[in-house]
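Participant: Structure file final17.cif, mmCIF, C-alpha atoms and all ligand atoms, is pasted below:
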data_protein
loop_
_atom_site.label_atom_id
_atom_site.label_comp_id
_atom_site.auth_asym_id
_atom_site.auth_seq_id
_atom_site.Cartn_x
_atom_site.Cartn_y
_atom_site.Cartn_z
CA MET P 1 -18.59 -5.35 -55.13
CA THR P 2 -20.00 -2.07 -56.31
CA THR P 3 -18.43 1.26 -57.02
CA SER P 4 -19.45 4.02 -54.67
CA PRO P 5 -21.99 6.49 -56.04
CA GLY P 6 -21.60 9.80 -54.25
CA ALA P 7 -17.88 9.30 -53.81
CA PRO P 8 -15.23 10.37 -56.31
CA ALA P 9 -13.44 7.75 -58.41
CA THR P 10 -10.03 8.52 -56.96
CA MET P 11 -8.64 9.69 -53.64
CA ARG P 12 -5.40 10.93 -52.13
CA ALA P 13 -3.58 8.31 -50.08
CA ALA P 14 -0.21 7.86 -48.37
CA VAL P 15 1.12 4.68 -49.95
CA LEU P 16 4.03 2.70 -48.48
CA HIS P 17 6.20 1.37 -51.34
CA GLY P 18 9.04 0.01 -49.27
CA VAL P 19 11.26 0.77 -46.32
CA ASP P 20 11.26 4.55 -45.67
CA ASP P 21 9.34 5.14 -48.88
CA VAL P 22 5.87 6.68 -48.43
CA ARG P 23 4.38 8.49 -51.44
CA ILE P 24 1.27 10.64 -51.64
CA GLU P 25 -0.67 9.34 -54.63
CA ASP P 26 -4.02 9.37 -56.34
CA VAL P 27 -5.46 5.87 -56.07
CA PRO P 28 -8.91 4.42 -56.86
CA VAL P 29 -11.52 4.81 -54.10
CA PRO P 30 -12.03 1.22 -52.87
CA PRO P 31 -15.21 -0.54 -54.04
CA ILE P 32 -17.69 -1.52 -51.31
CA GLY P 33 -19.41 -4.86 -50.84
CA GLU P 34 -23.09 -5.50 -50.19
CA HIS P 35 -22.75 -5.26 -46.40
CA GLN P 36 -20.08 -2.57 -46.33
CA VAL P 37 -19.85 1.20 -46.03
CA LEU P 38 -17.46 3.79 -47.44
CA VAL P 39 -16.11 6.16 -44.78
CA GLN P 40 -14.58 9.56 -45.44
CA VAL P 41 -11.68 9.46 -43.02
CA ALA P 42 -11.49 12.25 -40.43
CA ALA P 43 -8.66 11.21 -38.10
CA VAL P 44 -6.16 8.34 -37.93
CA GLY P 45 -3.84 7.57 -35.04
CA VAL P 46 -0.25 6.60 -35.79
CA CYS P 47 0.54 3.26 -34.17
CA GLY P 48 3.86 1.59 -33.38
CA SER P 49 3.03 -1.05 -35.97
CA ASP P 50 2.75 1.63 -38.69
CA VAL P 51 6.19 2.90 -37.70
CA HIS P 52 7.52 -0.65 -37.78
CA TYR P 53 6.23 -1.34 -41.32
CA HIS P 54 7.63 2.01 -42.44
CA ARG P 55 11.09 1.30 -41.03
CA GLN P 56 11.39 -2.46 -41.46
CA GLY P 57 8.87 -3.38 -44.16
CA ARG P 58 7.62 -6.24 -42.03
CA ILE P 59 6.31 -7.38 -38.64
CA ALA P 60 7.09 -11.02 -37.88
CA ASP P 61 5.64 -13.02 -40.79
CA PHE P 62 3.68 -10.07 -42.20
CA VAL P 63 5.77 -8.64 -45.05
CA VAL P 64 4.95 -5.61 -47.24
CA GLU P 65 5.37 -7.06 -50.75
CA GLU P 66 3.25 -4.62 -52.73
CA PRO P 67 2.34 -0.96 -52.16
CA MET P 68 0.12 -0.61 -49.08
CA ILE P 69 -1.70 2.20 -47.29
CA LEU P 70 -0.84 2.26 -43.55
CA GLY P 71 -3.05 3.40 -40.66
CA HIS P 72 -5.63 1.42 -38.70
CA GLU P 73 -6.86 3.72 -35.88
CA ALA P 74 -9.53 5.63 -37.76
CA SER P 75 -12.75 7.59 -37.55
CA GLY P 76 -14.89 9.33 -40.12
CA VAL P 77 -18.29 9.82 -41.66
CA ILE P 78 -20.21 7.29 -43.74
CA VAL P 79 -20.63 8.62 -47.30
CA THR P 80 -21.92 5.55 -49.17
CA VAL P 81 -23.54 2.27 -48.12
CA GLY P 82 -23.77 -1.13 -49.82
CA PRO P 83 -27.18 -2.39 -51.04
CA ALA P 84 -27.81 -4.40 -47.83
CA VAL P 85 -27.09 -1.47 -45.50
CA ALA P 86 -29.74 1.02 -44.35
CA GLN P 87 -29.51 4.21 -46.39
CA GLU P 88 -30.06 6.23 -43.19
CA ARG P 89 -26.53 5.45 -42.14
CA VAL P 90 -25.14 7.90 -44.70
CA GLY P 91 -23.87 10.89 -42.73
CA GLN P 92 -23.28 8.91 -39.53
CA ARG P 93 -20.08 9.65 -37.56
CA VAL P 94 -18.30 6.40 -36.81
CA SER P 95 -15.27 4.81 -35.19
CA ILE P 96 -13.82 2.13 -37.45
CA GLU P 97 -13.06 -1.34 -36.10
CA PRO P 98 -10.42 -2.06 -38.72
CA GLN P 99 -10.95 -5.75 -39.32
CA HIS P 100 -12.92 -8.04 -41.61
CA PRO P 101 -13.24 -11.59 -40.24
CA CYS P 102 -14.68 -14.44 -42.34
CA ARG P 103 -17.66 -14.91 -39.94
CA ARG P 104 -17.80 -18.65 -40.77
CA CYS P 105 -14.81 -20.35 -39.14
CA GLU P 106 -14.79 -21.92 -35.66
CA TYR P 107 -13.22 -18.82 -34.10
CA CYS P 108 -15.67 -16.42 -35.71
CA ARG P 109 -18.61 -18.57 -34.66
CA THR P 110 -17.43 -18.71 -31.05
CA GLY P 111 -16.89 -14.96 -30.67
CA ARG P 112 -13.10 -15.04 -30.91
CA TYR P 113 -13.02 -13.51 -34.35
CA ASN P 114 -9.69 -11.81 -33.70
CA LEU P 115 -8.17 -15.29 -34.14
CA CYS P 116 -9.88 -15.86 -37.51
CA PRO P 117 -7.28 -17.37 -39.89
CA HIS P 118 -8.91 -15.54 -42.80
CA MET P 119 -8.82 -12.14 -41.11
CA GLU P 120 -8.29 -9.07 -43.28
CA PHE P 121 -6.96 -6.30 -41.06
CA TYR P 122 -6.18 -2.69 -42.04
CA ALA P 123 -2.53 -1.98 -42.78
CA THR P 124 -1.51 -5.61 -42.41
CA PRO P 125 -0.17 -6.77 -45.78
CA PRO P 126 -1.78 -6.84 -48.28
CA ILE P 127 -4.82 -4.99 -46.84
CA HIS P 128 -4.96 -1.22 -47.20
CA GLY P 129 -5.37 0.98 -44.13
CA ALA P 130 -6.73 4.47 -43.56
CA PHE P 131 -4.00 7.04 -44.31
CA ALA P 132 -6.30 8.04 -47.17
CA GLU P 133 -9.35 10.17 -47.85
CA TYR P 134 -11.65 7.13 -47.85
CA ALA P 135 -11.70 3.63 -46.38
CA VAL P 136 -14.12 0.71 -46.68
CA ILE P 137 -15.36 -1.38 -43.74
CA ASP P 138 -18.17 -3.84 -42.91
CA ALA P 139 -21.26 -1.89 -41.83
CA ASP P 140 -21.35 -3.48 -38.36
CA PHE P 141 -17.68 -2.61 -37.81
CA ALA P 142 -18.42 1.07 -38.43
CA HIS P 143 -19.48 1.89 -34.87
CA PRO P 144 -21.65 5.01 -34.41
CA ILE P 145 -20.26 7.53 -31.91
CA PRO P 146 -22.09 10.13 -29.82
CA GLU P 147 -22.11 13.77 -30.93
CA SER P 148 -19.98 14.69 -27.92
CA MET P 149 -17.08 12.50 -29.04
CA SER P 150 -14.25 14.09 -31.04
CA TRP P 151 -12.97 12.58 -34.28
CA GLU P 152 -9.64 12.03 -32.55
CA ALA P 153 -11.11 10.16 -29.59
CA ALA P 154 -13.18 8.10 -32.03
CA ALA P 155 -10.00 7.12 -33.89
CA LEU P 156 -8.30 6.21 -30.62
CA CYS P 157 -11.09 3.79 -29.70
CA GLU P 158 -8.83 1.34 -31.58
CA PRO P 159 -5.92 1.39 -29.10
CA LEU P 160 -8.48 1.71 -26.32
CA SER P 161 -9.93 -1.56 -27.56
CA VAL P 162 -6.52 -3.13 -27.03
CA GLY P 163 -6.68 -1.81 -23.47
CA VAL P 164 -10.17 -3.19 -22.91
CA TRP P 165 -9.15 -6.59 -24.30
CA ALA P 166 -5.92 -6.70 -22.28
CA CYS P 167 -7.65 -5.73 -19.01
CA GLY P 168 -10.26 -8.41 -19.69
CA LYS P 169 -7.52 -11.03 -20.13
CA ALA P 170 -5.87 -9.77 -16.93
CA GLY P 171 -9.13 -10.17 -15.02
CA ILE P 172 -9.14 -6.52 -13.91
CA GLY P 173 -12.20 -5.57 -11.88
CA VAL P 174 -13.27 -3.69 -8.76
CA GLY P 175 -10.44 -3.65 -6.23
CA SER P 176 -7.81 -5.17 -8.53
CA SER P 177 -4.17 -4.22 -8.32
CA VAL P 178 -2.16 -4.14 -11.54
CA LEU P 179 1.38 -3.30 -12.61
CA ILE P 180 1.79 -2.01 -16.17
CA ALA P 181 5.27 -1.93 -17.73
CA GLY P 182 5.63 0.81 -20.33
CA ALA P 183 4.05 4.26 -20.03
CA GLY P 184 3.87 4.97 -23.74
CA PRO P 185 0.47 5.55 -25.37
CA ILE P 186 -0.73 1.97 -25.00
CA GLY P 187 0.48 1.68 -21.40
CA LEU P 188 -1.33 4.91 -20.51
CA ILE P 189 -4.50 3.69 -22.22
CA ILE P 190 -4.34 0.34 -20.40
CA ALA P 191 -3.82 2.18 -17.10
CA GLN P 192 -6.84 4.42 -17.71
CA THR P 193 -8.92 1.39 -18.67
CA ALA P 194 -7.89 -0.51 -15.54
CA ARG P 195 -8.82 2.50 -13.39
CA ALA P 196 -12.18 2.81 -15.17
CA LEU P 197 -12.86 -0.88 -14.55
CA GLY P 198 -12.44 -0.34 -10.84
CA ALA P 199 -8.82 -1.26 -10.17
CA SER P 200 -7.89 0.25 -6.82
CA ARG P 201 -4.15 0.20 -7.45
CA VAL P 202 -2.63 0.97 -10.86
CA ILE P 203 1.17 1.07 -10.94
CA LEU P 204 3.09 2.16 -14.04
CA SER P 205 6.76 1.58 -14.76
CA ASP P 206 8.94 3.17 -17.46
CA PRO P 207 12.65 3.99 -17.74
CA ALA P 208 11.96 7.23 -19.72
CA PRO P 209 11.51 10.28 -17.43
CA LEU P 210 9.22 12.04 -19.96
CA ARG P 211 6.88 9.07 -20.00
CA ARG P 212 6.85 8.82 -16.22
CA GLU P 213 5.92 12.50 -16.10
CA ALA P 214 3.10 11.92 -18.59
CA ALA P 215 1.79 9.09 -16.43
CA GLN P 216 1.83 11.30 -13.37
CA ALA P 217 0.10 14.10 -15.31
CA ALA P 218 -2.61 11.56 -16.22
CA GLY P 219 -3.30 11.14 -12.52
CA PHE P 220 -1.31 8.02 -11.68
CA SER P 221 0.61 8.46 -8.47
CA GLU P 222 2.53 5.18 -8.43
CA VAL P 223 4.95 5.55 -11.32
CA LEU P 224 8.21 3.66 -11.04
CA ASP P 225 11.64 3.96 -12.60
CA PRO P 226 12.63 0.32 -13.21
CA GLY P 227 16.31 1.26 -12.96
CA ALA P 228 16.03 2.84 -9.52
CA PRO P 229 16.70 0.78 -6.38
CA ALA P 230 13.67 0.09 -4.21
CA ALA P 231 13.20 1.97 -0.97
CA ASP P 232 14.09 -1.13 1.06
CA GLY P 233 16.99 -1.89 -1.27
CA SER P 234 15.51 -5.28 -2.18
CA ALA P 235 14.89 -5.10 -5.90
CA PRO P 236 14.93 -2.51 -8.66
CA GLY P 237 11.67 -0.84 -9.57
CA GLY P 238 10.29 -0.26 -6.10
CA THR P 239 7.89 -3.20 -6.09
CA SER P 240 8.37 -6.00 -3.61
CA PRO P 241 7.50 -9.52 -4.81
CA ALA P 242 4.06 -11.05 -5.04
CA GLN P 243 1.85 -8.08 -4.45
CA VAL P 244 -0.26 -7.40 -7.56
CA ASP P 245 -3.17 -9.34 -9.00
CA ALA P 246 -2.00 -8.80 -12.54
CA PHE P 247 0.96 -7.64 -14.59
CA ILE P 248 0.43 -6.25 -18.08
CA ASP P 249 3.47 -5.69 -20.26
CA ALA P 250 3.22 -2.84 -22.74
CA SER P 251 6.96 -2.55 -23.22
CA GLY P 252 8.07 -5.67 -25.05
CA ALA P 253 11.31 -5.53 -23.08
CA GLU P 254 12.59 -8.75 -21.54
CA PRO P 255 13.89 -7.22 -18.27
CA ALA P 256 10.52 -5.50 -17.75
CA VAL P 257 8.62 -8.72 -18.36
CA LYS P 258 10.81 -10.69 -15.96
CA ALA P 259 10.65 -8.08 -13.20
CA GLY P 260 6.91 -7.64 -13.70
CA MET P 261 6.18 -11.35 -13.48
CA ARG P 262 7.95 -11.54 -10.13
CA THR P 263 5.52 -8.99 -8.65
CA VAL P 264 2.43 -11.11 -9.39
CA ARG P 265 0.74 -12.82 -6.47
CA PRO P 266 -0.01 -16.57 -6.50
CA GLY P 267 -2.87 -17.30 -8.87
CA GLY P 268 -2.40 -13.95 -10.60
CA ARG P 269 -2.26 -13.20 -14.30
CA VAL P 270 0.33 -11.93 -16.75
CA VAL P 271 -0.71 -10.43 -20.09
CA LEU P 272 1.79 -9.61 -22.83
CA VAL P 273 0.77 -6.72 -25.09
CA GLY P 274 4.07 -5.13 -26.11
CA MET P 275 5.81 -6.12 -29.29
CA GLY P 276 9.56 -6.17 -28.78
CA ALA P 277 11.82 -9.14 -28.35
CA ASP P 278 10.48 -12.06 -30.38
CA GLU P 279 11.78 -14.54 -27.85
CA MET P 280 12.78 -14.19 -24.20
CA THR P 281 13.57 -16.35 -21.21
CA LEU P 282 10.97 -16.42 -18.43
CA PRO P 283 11.15 -17.10 -14.67
CA VAL P 284 9.65 -20.57 -14.91
CA SER P 285 9.83 -21.41 -11.21
CA THR P 286 7.85 -18.24 -10.42
CA ILE P 287 5.18 -19.27 -12.95
CA LEU P 288 5.07 -22.81 -11.54
CA THR P 289 5.10 -22.15 -7.83
CA ARG P 290 2.59 -19.30 -8.03
CA GLU P 291 0.40 -20.92 -10.71
CA ILE P 292 0.60 -17.73 -12.75
CA VAL P 293 -1.63 -17.61 -15.83
CA LEU P 294 0.25 -16.17 -18.80
CA THR P 295 -1.30 -15.06 -22.08
CA GLY P 296 -0.83 -12.64 -24.95
CA VAL P 297 -3.32 -10.45 -26.73
CA PHE P 298 -3.88 -10.30 -30.46
CA ARG P 299 -5.99 -7.25 -31.29
CA TYR P 300 -9.50 -7.60 -29.80
CA ALA P 301 -13.04 -8.84 -30.37
CA SER P 302 -16.36 -7.15 -29.52
CA THR P 303 -14.66 -4.34 -27.58
CA TRP P 304 -15.98 -1.26 -29.40
CA PRO P 305 -19.24 -0.78 -27.49
CA THR P 306 -17.27 -0.83 -24.22
CA ALA P 307 -14.57 1.48 -25.58
CA ILE P 308 -17.11 4.01 -26.85
CA ALA P 309 -19.02 3.91 -23.54
CA LEU P 310 -15.82 4.45 -21.53
CA VAL P 311 -15.00 7.56 -23.55
CA ALA P 312 -18.56 8.90 -23.70
CA SER P 313 -18.92 8.61 -19.92
CA GLY P 314 -15.65 10.41 -19.31
CA ALA P 315 -14.12 7.40 -17.55
CA VAL P 316 -11.33 7.34 -20.14
CA ASP P 317 -9.85 10.50 -21.66
CA LEU P 318 -8.32 9.92 -25.08
CA ASP P 319 -8.23 13.54 -26.28
CA SER P 320 -5.52 14.46 -23.78
CA LEU P 321 -3.23 11.82 -25.31
CA VAL P 322 -3.03 13.69 -28.62
CA THR P 323 0.23 15.65 -28.86
CA ALA P 324 0.54 16.37 -32.60
CA ARG P 325 -1.55 16.48 -35.78
CA PHE P 326 -0.48 16.27 -39.41
CA GLY P 327 -2.16 16.45 -42.79
CA LEU P 328 -2.10 13.54 -45.23
CA ALA P 329 0.89 14.98 -47.10
CA GLU P 330 2.92 14.83 -43.88
CA VAL P 331 2.39 11.17 -43.03
CA GLU P 332 6.09 10.39 -43.14
CA ARG P 333 6.78 13.16 -40.61
CA ALA P 334 3.94 11.89 -38.44
CA LEU P 335 5.49 8.39 -38.48
CA GLU P 336 8.80 9.86 -37.37
CA MET P 337 7.27 12.01 -34.59
CA ALA P 338 5.32 9.08 -33.19
CA THR P 339 8.51 7.40 -31.96
CA ARG P 340 9.70 10.33 -29.86
CA PRO P 341 9.18 10.05 -26.11
CA GLU P 342 7.78 13.60 -25.89
CA HIS P 343 4.85 12.50 -28.05
CA ARG P 344 2.00 10.30 -26.97
CA LYS P 345 -0.52 9.95 -29.80
CA VAL P 346 0.24 11.55 -33.16
CA LEU P 347 -2.76 11.94 -35.45
CA VAL P 348 -3.11 12.20 -39.22
CA LEU P 349 -6.11 14.17 -40.51
CA PRO P 350 -6.54 13.00 -44.10
CA SER P 351 -9.64 14.94 -45.10
CA ASP P 352 -9.81 18.71 -45.51
CA LEU P 353 -13.59 18.56 -45.34
CA LEU P 354 -13.78 17.54 -41.69
CA THR P 355 -12.80 19.73 -38.81
CA VAL P 356 -11.60 18.33 -35.54
ZN ZN H 401 -2.62 0.27 -33.29
ZN ZN H 402 -13.28 -16.59 -39.34
#
How does this structure look as structure tokens?
Ligand SMILES: [Zn+2]
Ligand SMILES: [Zn+2]
Facilitator:
Amino acid sequence: MTTSPGAPATMRAAVLHGVDDVRIEDVPVPPIGEHQVLVQVAAVGVCGSDVHYHRQGRIADFVVEEPMILGHEASGVIVTVGPAVAQERVGQRVSIEPQHPCRRCEYCRTGRYNLCPHMEFYATPPIHGAFAEYAVIDADFAHPIPESMSWEAAALCEPLSVGVWACGKAGIGVGSSVLIAGAGPIGLIIAQTARALGASRVILSDPAPLRREAAQAAGFSEVLDPGAPAADGSAPGGTSPAQVDAFIDASGAEPAVKAGMRTVRPGGRVVLVGMGADEMTLPVSTILTREIVLTGVFRYASTWPTAIALVASGAVDLDSLVTARFGLAEVERALEMATRPEHRKVLVLPSDLLTV
């Protein structure tokens, strides 16, 4: 570990001390390792998991036990590099892949590094995130972005990576049909990703009228209200059974998962993305008789090049998802806004030096 020449000794950061207790503090700028870079943070997306840690102090077995900086959807500019990193990278605009795998375990060596048991992930206790002026990351996880890409879109390559990973698990390709439950930010990103990958039919479902409107505004014509009776009166939600190749749940709601699974054709796939109910009952006979393949997603691996290319080509539009921006001092307000249905992505801009 080295200190970072060229960077100040301390930085402003939004530090979570406990439930509903975020304080703006001066903290030491993190030291960087041999193969790491220090990034001055330009933009950070607020994620549901940040809100969850703020309100509950924990997610499943991950518990905030000491002060921690939240935020893991980040972009910025490289200001300092470790001794093993090319000096030319200083000044590069990057999207941060916010994880540090061990690179030696079986999972890391077989390309499934998201399952690394030694993973250090931003804003997952006790690892600091990016609601701060600076953040440290492995040099190869600081992904260069094209000049045309905004800081905000670069930050949102993180949730887009979830979409890329989920669509991969769901086997989405040219001509696929997919039902996505939940038209919040992640559902909208998954829908855009599926469309970019060639899906010919992308159906979204959400009980909130504002979210259904947002999905329609994003160009999706099949947007269902799961509470409404179907046209033929058969089942709520307007989908008849066994018609889609894949169902992706971005809601975490048991009724949505059950209804979604029943729309999957024989041999189709179900992918669970949403965090909600920890346990739920599932329609086992549907899974058995249709040989449905069911899996979850845990973050992502090797998705950034695809995510950046999808944005750079215009196939996925992340900028239009941004509905509010806050400075570092207003992180708590940003966390609160992020839960409201009228907002899609809420961004924190920690550094005064960078313009959006
Ligand atoms: Zn996230
Ligand atoms: Zn590993």
Participant: Could you check which of P:Met275, P:Val41, P:Ala214, P:Ala142 is closest to ligand ZN 401 (chain H), using all atoms listed in the file?
Facilitator: P:Met275
Participant: May I have the residues within 10 Å of ligand ZN 402 (chain H), computed using all atoms listed in the file, as a list in words?
Facilitator: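 So the residues close to ligand ZN 402 (chain H) are His100, Pro101, Cys102, Arg103, Arg104, Cys105, Glu106, Tyr107, Cys108, Arg109, Thr110, Gly111, Arg112, Tyr113, Asn114, Leu115, Cys116, Pro117, His118, Met119 and Glu120 of chain P.
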Participant: Select, from P:Val27, P:Ile172, P:Leu197, P:Ala324, the residue with the minimum atom-to-atom distance to Met337 (chain P), counting all atoms listed in the file.
Facilitator: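 With all atoms listed in the file as the atom set, the closest residue is P:Ala324.
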Participant: Would you list the contacts of region 252-258 of chain P as a VMD selection string, taking every protein, DNA or RNA residue within 9 Å and counting only C-alpha atoms, but skipping same-chain residues closer than 4 positions in sequence?
Facilitator: chain P and resid 181 to 182 205 to 206 226 247 to 248 262 272 to 283
Participant: Do you know which residues are at most 10 Å from Pro125 (chain P) counting all atoms listed in the file, after dropping those on the same chain fewer than 4 positions away, and could you put them as a JSON list (two decimals) with C-alpha atoms, in the coordinates of the input?
Facilitator:
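Final file, around_5.json:
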[["chain", "number", "residue", "atom", "x", "y", "z"],
["P", 53, "TYR", "CA", 6.23, -1.34, -41.32],
["P", 57, "GLY", "CA", 8.87, -3.38, -44.16],
["P", 58, "ARG", "CA", 7.62, -6.24, -42.03],
["P", 59, "ILE", "CA", 6.31, -7.38, -38.64],
["P", 61, "ASP", "CA", 5.64, -13.02, -40.79],
["P", 62, "PHE", "CA", 3.68, -10.07, -42.20],
["P", 63, "VAL", "CA", 5.77, -8.64, -45.05],
["P", 64, "VAL", "CA", 4.95, -5.61, -47.24],
["P", 65, "GLU", "CA", 5.37, -7.06, -50.75],
["P", 66, "GLU", "CA", 3.25, -4.62, -52.73],
["P", 67, "PRO", "CA", 2.34, -0.96, -52.16],
["P", 68, "MET", "CA", 0.12, -0.61, -49.08],
["P", 69, "ILE", "CA", -1.70, 2.20, -47.29],
["P", 70, "LEU", "CA", -0.84, 2.26, -43.55],
["P", 120, "GLU", "CA", -8.29, -9.07, -43.28],
["P", 121, "PHE", "CA", -6.96, -6.30, -41.06],
["P", 129, "GLY", "CA", -5.37, 0.98, -44.13]]
Participant: Just checking: using only C-alpha atoms, which residue out of P:Leu188, P:Pro350, P:Val174, P:Asp225 ends up closest to Ser200 (chain P)?
Facilitator: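 For Ser200 (chain P), the nearest of the given residues is P:Val174.
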Participant: Measuring atom to atom with only C-alpha atoms and all ligand atoms, identify which of P:Val51, P:Val311, P:Val29, P:Met11 is nearest to ligand ZN 401 (chain H).
Facilitator: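 Among P:Val51, P:Val311, P:Val29, P:Met11, it is P:Val51 that comes nearest to ligand ZN 401 (chain H).
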Participant: May I ask which of the residues P:Glu147, P:His54, P:Thr193, P:Lys345 is the closest one to Val164 (chain P), counting all atoms listed in the file?
Facilitator: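 For Val164 (chain P), the nearest of the candidates is P:Thr193.
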Participant: Using only C-alpha atoms, which of P:Ala132, P:Ala9, P:Leu179, P:Val85 sits nearest Arg201 (chain P)?
Facilitator: P:Leu179
Participant: Neighbours of region 30-35 of chain P within 12 Å (only C-alpha atoms; same-chain residues fewer than 6 positions away dropped), as a PyMOL selection string?
Facilitator: chain P and resi 1-5+7-13+69+78-87+100+127-130+132-142
Participant: Quick one: distance from CA of Val322 (chain P) to CA of Ala155 (chain P) in Å, one decimal?
Facilitator: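 We find that CA of Val322 (chain P) and CA of Ala155 (chain P) lie 10.9 Å from each other.
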Participant: Would you work out the distance separating CA of Val22 (chain P) from atom ZN of ligand ZN 401 (chain H), expressed in Å to one decimal?
Facilitator: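 Between CA of Val22 (chain P) and atom ZN of ligand ZN 401 (chain H) the gap works out to 18.5 Å.
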Participant: Within 12 Å of ligand ZN 401 (chain H), which residues show up when you count all atoms listed in the file? List them as a PyMOL selection string, please.
Facilitator: chain P and resi 44-52+70-74+97-99+121-124+129-130+155-163+185-186+189+273-275+298-300+338+345-347
Participant: Grab the residues selected above and save them as a short mmCIF file (atom, residue, chain, number, x, y, z; two decimals), in the frame of the given file with C-alpha atoms.
Facilitator:
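Below is the file that was written, selection_4.cif:
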data_model
loop_
_atom_site.label_atom_id
_atom_site.label_comp_id
_atom_site.auth_asym_id
_atom_site.auth_seq_id
_atom_site.Cartn_x
_atom_site.Cartn_y
_atom_site.Cartn_z
CA VAL P 44 -6.16 8.34 -37.93
CA GLY P 45 -3.84 7.57 -35.04
CA VAL P 46 -0.25 6.60 -35.79
CA CYS P 47 0.54 3.26 -34.17
CA GLY P 48 3.86 1.59 -33.38
CA SER P 49 3.03 -1.05 -35.97
CA ASP P 50 2.75 1.63 -38.69
CA VAL P 51 6.19 2.90 -37.70
CA HIS P 52 7.52 -0.65 -37.78
CA LEU P 70 -0.84 2.26 -43.55
CA GLY P 71 -3.05 3.40 -40.66
CA HIS P 72 -5.63 1.42 -38.70
CA GLU P 73 -6.86 3.72 -35.88
CA ALA P 74 -9.53 5.63 -37.76
CA GLU P 97 -13.06 -1.34 -36.10
CA PRO P 98 -10.42 -2.06 -38.72
CA GLN P 99 -10.95 -5.75 -39.32
CA PHE P 121 -6.96 -6.30 -41.06
CA TYR P 122 -6.18 -2.69 -42.04
CA ALA P 123 -2.53 -1.98 -42.78
CA THR P 124 -1.51 -5.61 -42.41
CA GLY P 129 -5.37 0.98 -44.13
CA ALA P 130 -6.73 4.47 -43.56
CA ALA P 155 -10.00 7.12 -33.89
CA LEU P 156 -8.30 6.21 -30.62
CA CYS P 157 -11.09 3.79 -29.70
CA GLU P 158 -8.83 1.34 -31.58
CA PRO P 159 -5.92 1.39 -29.10
CA LEU P 160 -8.48 1.71 -26.32
CA SER P 161 -9.93 -1.56 -27.56
CA VAL P 162 -6.52 -3.13 -27.03
CA GLY P 163 -6.68 -1.81 -23.47
CA PRO P 185 0.47 5.55 -25.37
CA ILE P 186 -0.73 1.97 -25.00
CA ILE P 189 -4.50 3.69 -22.22
CA VAL P 273 0.77 -6.72 -25.09
CA GLY P 274 4.07 -5.13 -26.11
CA MET P 275 5.81 -6.12 -29.29
CA PHE P 298 -3.88 -10.30 -30.46
CA ARG P 299 -5.99 -7.25 -31.29
CA TYR P 300 -9.50 -7.60 -29.80
CA ALA P 338 5.32 9.08 -33.19
CA LYS P 345 -0.52 9.95 -29.80
CA VAL P 346 0.24 11.55 -33.16
CA LEU P 347 -2.76 11.94 -35.45
#
Participant: One decimal, in Å: what's the spacing between CA of Ser251 (chain P) and CA of Gly327 (chain P)?
Facilitator: 28.8 Å
Participant: For region 216-221 of chain P, work out the shell of residues within 10 Å, counting all atoms listed in the file and skipping chain neighbours fewer than 2 positions away, then give it as a PyMOL selection string.
Facilitator: chain P and resi 183+188+191-192+195+201-204+210-214+223-224+317+320-321
